[in-house]
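Trainee: Right, I'll just put the structure down here and ask away after.
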Amino acid sequence: MSTRFSPKTSMGILGLMPRPYCSFVLSKIIESVYTYAVTNVRQYRKGNVGPVLFEKEKSMKDPNYHGIDLHDKEDKYVFNSPISWHPNNLKAIWPETLRGTKNRRLRKLEISNYTPSEYPKLENTTDNVPYAFDMSEMDKISYEKETNGIIKGKHSGHIEYSNSGVTARTKC
(Lines give C-alpha, C1' and ligand atoms only; values in the text may rest on other atoms or scores of the structure.)
Protein backbone atom coordinates (compact mmCIF):
# COMPACT_ATOMS: atom_id res chain seq x y z
CA MET A 1 0.00 0.00 0.00
CA SER A 2 1.15 3.53 -0.62
CA THR A 3 -0.21 6.97 0.13
CA ARG A 4 2.29 8.65 -2.21
CA PHE A 5 -0.54 9.92 -4.44
CA SER A 6 -2.67 10.92 -1.45
CA PRO A 7 -0.75 13.69 0.36
CA LYS A 8 -3.51 14.40 2.88
CA THR A 9 -3.33 10.82 4.15
CA SER A 10 0.43 10.33 3.97
CA MET A 11 1.96 7.96 6.50
CA GLY A 12 5.43 9.43 5.92
CA ILE A 13 5.70 10.03 9.65
CA LEU A 14 6.38 6.31 10.07
CA GLY A 15 9.77 6.81 8.45
CA LEU A 16 10.80 9.10 11.31
CA MET A 17 10.63 6.50 14.07
CA PRO A 18 13.91 5.64 15.83
CA ARG A 19 15.54 2.26 15.29
CA PRO A 20 16.19 -0.33 16.66
CA TYR A 21 13.72 0.45 19.46
CA CYS A 22 10.95 1.95 17.35
CA SER A 23 8.45 -0.17 19.25
CA PHE A 24 8.78 2.18 22.22
CA VAL A 25 7.22 4.98 20.22
CA LEU A 26 5.46 3.24 17.39
CA SER A 27 3.54 0.50 19.17
CA LYS A 28 1.02 2.85 20.75
CA ILE A 29 0.45 5.20 17.84
CA ILE A 30 0.55 2.81 14.88
CA GLU A 31 -3.12 1.91 15.19
CA SER A 32 -4.13 5.58 15.16
CA VAL A 33 -1.92 6.37 12.19
CA TYR A 34 -3.14 3.31 10.27
CA THR A 35 -6.75 4.19 11.07
CA TYR A 36 -6.26 7.74 9.79
CA ALA A 37 -4.44 6.79 6.61
CA VAL A 38 -6.12 3.51 5.70
CA THR A 39 -9.32 2.66 7.58
CA ASN A 40 -10.81 6.16 7.39
CA VAL A 41 -9.99 6.41 3.67
CA ARG A 42 -11.76 3.11 3.09
CA GLN A 43 -14.81 4.37 4.95
CA TYR A 44 -15.24 8.08 4.22
CA ARG A 45 -12.09 10.24 3.93
CA LYS A 46 -11.05 11.30 0.42
CA GLY A 47 -7.71 9.82 -0.57
CA ASN A 48 -6.23 6.51 -1.57
CA VAL A 49 -3.89 3.91 -0.17
CA GLY A 50 -2.37 2.46 -3.35
CA PRO A 51 -1.41 0.52 -5.33
CA VAL A 52 1.52 2.07 -7.20
CA LEU A 53 3.55 0.58 -10.02
CA PHE A 54 7.09 1.86 -10.28
CA GLU A 55 10.27 1.20 -12.19
CA LYS A 56 12.95 0.23 -9.70
CA GLU A 57 15.90 1.70 -11.60
CA LYS A 58 14.09 4.96 -12.33
CA SER A 59 13.04 5.36 -8.71
CA MET A 60 16.64 4.89 -7.55
CA LYS A 61 17.90 7.70 -9.81
CA ASP A 62 15.08 10.25 -9.77
CA PRO A 63 13.92 11.49 -6.34
CA ASN A 64 10.86 13.13 -7.94
CA TYR A 65 9.66 9.91 -9.59
CA HIS A 66 6.69 8.47 -7.71
CA GLY A 67 5.62 5.74 -10.10
CA ILE A 68 2.27 5.17 -11.77
CA ASP A 69 -0.84 5.67 -9.68
CA LEU A 70 -3.14 2.65 -10.12
CA HIS A 71 -5.97 3.60 -7.78
CA ASP A 72 -9.52 4.25 -9.01
CA LYS A 73 -9.44 7.52 -10.98
CA GLU A 74 -13.05 8.25 -10.01
CA ASP A 75 -11.96 7.96 -6.36
CA LYS A 76 -14.97 5.78 -5.49
CA TYR A 77 -13.19 2.47 -4.92
CA VAL A 78 -10.27 2.01 -2.53
CA PHE A 79 -7.49 -0.57 -2.58
CA ASN A 80 -7.58 -3.62 -0.31
CA SER A 81 -4.69 -6.00 0.19
CA PRO A 82 -3.34 -8.24 -1.17
CA ILE A 83 -2.09 -7.54 -4.65
CA SER A 84 -1.35 -10.87 -6.32
CA TRP A 85 1.20 -11.13 -9.11
CA HIS A 86 1.16 -13.73 -11.87
CA PRO A 87 4.36 -15.84 -12.05
CA ASN A 88 5.35 -14.07 -15.31
CA ASN A 89 5.49 -10.73 -13.42
CA LEU A 90 3.42 -9.06 -16.13
CA LYS A 91 -0.05 -9.41 -14.62
CA ALA A 92 -1.53 -8.53 -11.24
CA ILE A 93 -4.94 -8.56 -9.61
CA TRP A 94 -6.22 -6.90 -6.42
CA PRO A 95 -9.52 -6.28 -4.63
CA GLU A 96 -11.11 -2.87 -4.16
CA THR A 97 -14.04 -1.80 -2.00
CA LEU A 98 -16.59 0.88 -2.83
CA ARG A 99 -15.84 3.53 -0.19
CA GLY A 100 -18.13 3.24 2.82
CA THR A 101 -19.73 -0.05 1.69
CA LYS A 102 -18.95 -3.75 1.54
CA ASN A 103 -19.29 -3.81 -2.27
CA ARG A 104 -16.12 -5.20 -3.84
CA ARG A 105 -14.62 -5.62 -7.26
CA LEU A 106 -11.37 -6.98 -8.67
CA ARG A 107 -8.95 -4.85 -10.68
CA LYS A 108 -6.54 -6.39 -13.16
CA LEU A 109 -3.24 -5.06 -14.45
CA GLU A 110 -1.45 -6.30 -17.57
CA ILE A 111 1.96 -4.87 -18.46
CA SER A 112 2.67 -5.12 -22.18
CA ASN A 113 5.87 -3.13 -22.71
CA TYR A 114 8.20 -4.58 -20.07
CA THR A 115 10.62 -7.50 -20.05
CA PRO A 116 11.23 -8.81 -16.53
CA SER A 117 14.85 -9.38 -15.56
CA GLU A 118 16.08 -12.83 -14.68
CA TYR A 119 15.60 -14.04 -11.13
CA PRO A 120 18.71 -13.61 -9.02
CA LYS A 121 20.60 -16.67 -7.86
CA LEU A 122 19.26 -17.77 -4.50
CA GLU A 123 21.57 -18.91 -1.75
CA ASN A 124 20.93 -20.35 1.68
CA THR A 125 21.84 -18.09 4.56
CA THR A 126 23.29 -19.07 7.87
CA ASP A 127 21.49 -18.83 11.19
CA ASN A 128 24.73 -17.55 12.70
CA VAL A 129 24.97 -13.89 11.61
CA PRO A 130 28.17 -12.44 13.10
CA TYR A 131 26.89 -8.88 13.56
CA ALA A 132 23.49 -9.87 15.00
CA PHE A 133 22.61 -10.64 18.59
CA ASP A 134 20.74 -13.64 19.92
CA MET A 135 16.99 -13.00 19.56
CA SER A 136 16.40 -14.36 23.07
CA GLU A 137 18.14 -11.20 24.32
CA MET A 138 15.17 -9.18 23.06
CA ASP A 139 13.08 -10.43 25.97
CA LYS A 140 15.54 -8.89 28.43
CA ILE A 141 15.23 -5.39 26.96
CA SER A 142 12.35 -3.37 28.34
CA TYR A 143 11.51 0.24 28.67
CA GLU A 144 9.44 0.89 31.74
CA LYS A 145 9.67 4.68 31.69
CA GLU A 146 6.58 6.43 30.40
CA THR A 147 7.19 8.31 27.16
CA ASN A 148 5.00 11.21 26.10
CA GLY A 149 5.37 13.55 23.19
CA ILE A 150 3.99 15.42 20.24
CA ILE A 151 4.98 14.88 16.62
CA LYS A 152 4.05 17.96 14.62
CA GLY A 153 2.85 17.80 11.03
CA LYS A 154 4.83 19.45 8.25
CA HIS A 155 2.17 22.12 7.64
CA SER A 156 -0.44 21.61 10.33
CA GLY A 157 -1.78 19.13 12.85
CA HIS A 158 0.04 16.82 15.20
CA ILE A 159 -0.03 13.43 16.90
CA GLU A 160 0.14 13.23 20.68
CA TYR A 161 1.43 9.95 22.07
CA SER A 162 1.91 8.32 25.42
CA ASN A 163 3.65 5.01 25.93
CA SER A 164 4.80 2.83 28.82
CA GLY A 165 5.89 -0.71 29.65
CA VAL A 166 6.69 -2.26 26.29
CA THR A 167 9.52 -4.59 25.37
CA ALA A 168 11.85 -4.52 22.41
CA ARG A 169 10.11 -7.61 21.01
CA THR A 170 7.07 -5.51 20.09
CA LYS A 171 6.84 -5.59 16.30
CA CYS A 172 8.01 -2.56 14.32
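Chain lettering (A, B, ...) mirrors the order of the C-alpha coordinates, residue numbering begins at 1 for each chain separately, and ligand numbering begins at 1 in order of display.
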Show me, as a tab-separated table, the residues of segment 22-93 of chain A having an atom within 6 Å of segment 106-128 of chain A, each with the closest atom pair and its distance in Å, using only C-alpha atoms.
Mentor:
residue	atom	partner	partner_atom	distance
A:Leu90	CA	A:Ile111	CA	5.0
A:Lys91	CA	A:Glu110	CA	4.5
A:Ala92	CA	A:Leu109	CA	5.0
A:Ile93	CA	A:Lys108	CA	4.5
Trainee: Apply DSSP to the structure's backbone, then extract all residues of segment 7-114 of chain A labelled strand (DSSP E) and return them as a list in words.
Mentor: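 Answer for segment 7-114 of chain A, restricted to strand (DSSP E): Val52, Leu53, Ile68, Asp69, Tyr77, Val78, Phe79, Ser84, Trp85, Lys91, Ala92, Ile93, Trp94, Pro95, Glu96, Thr97, Leu98, Arg104, Arg105, Leu106, Arg107, Lys108, Leu109 and Glu110 of chain A.
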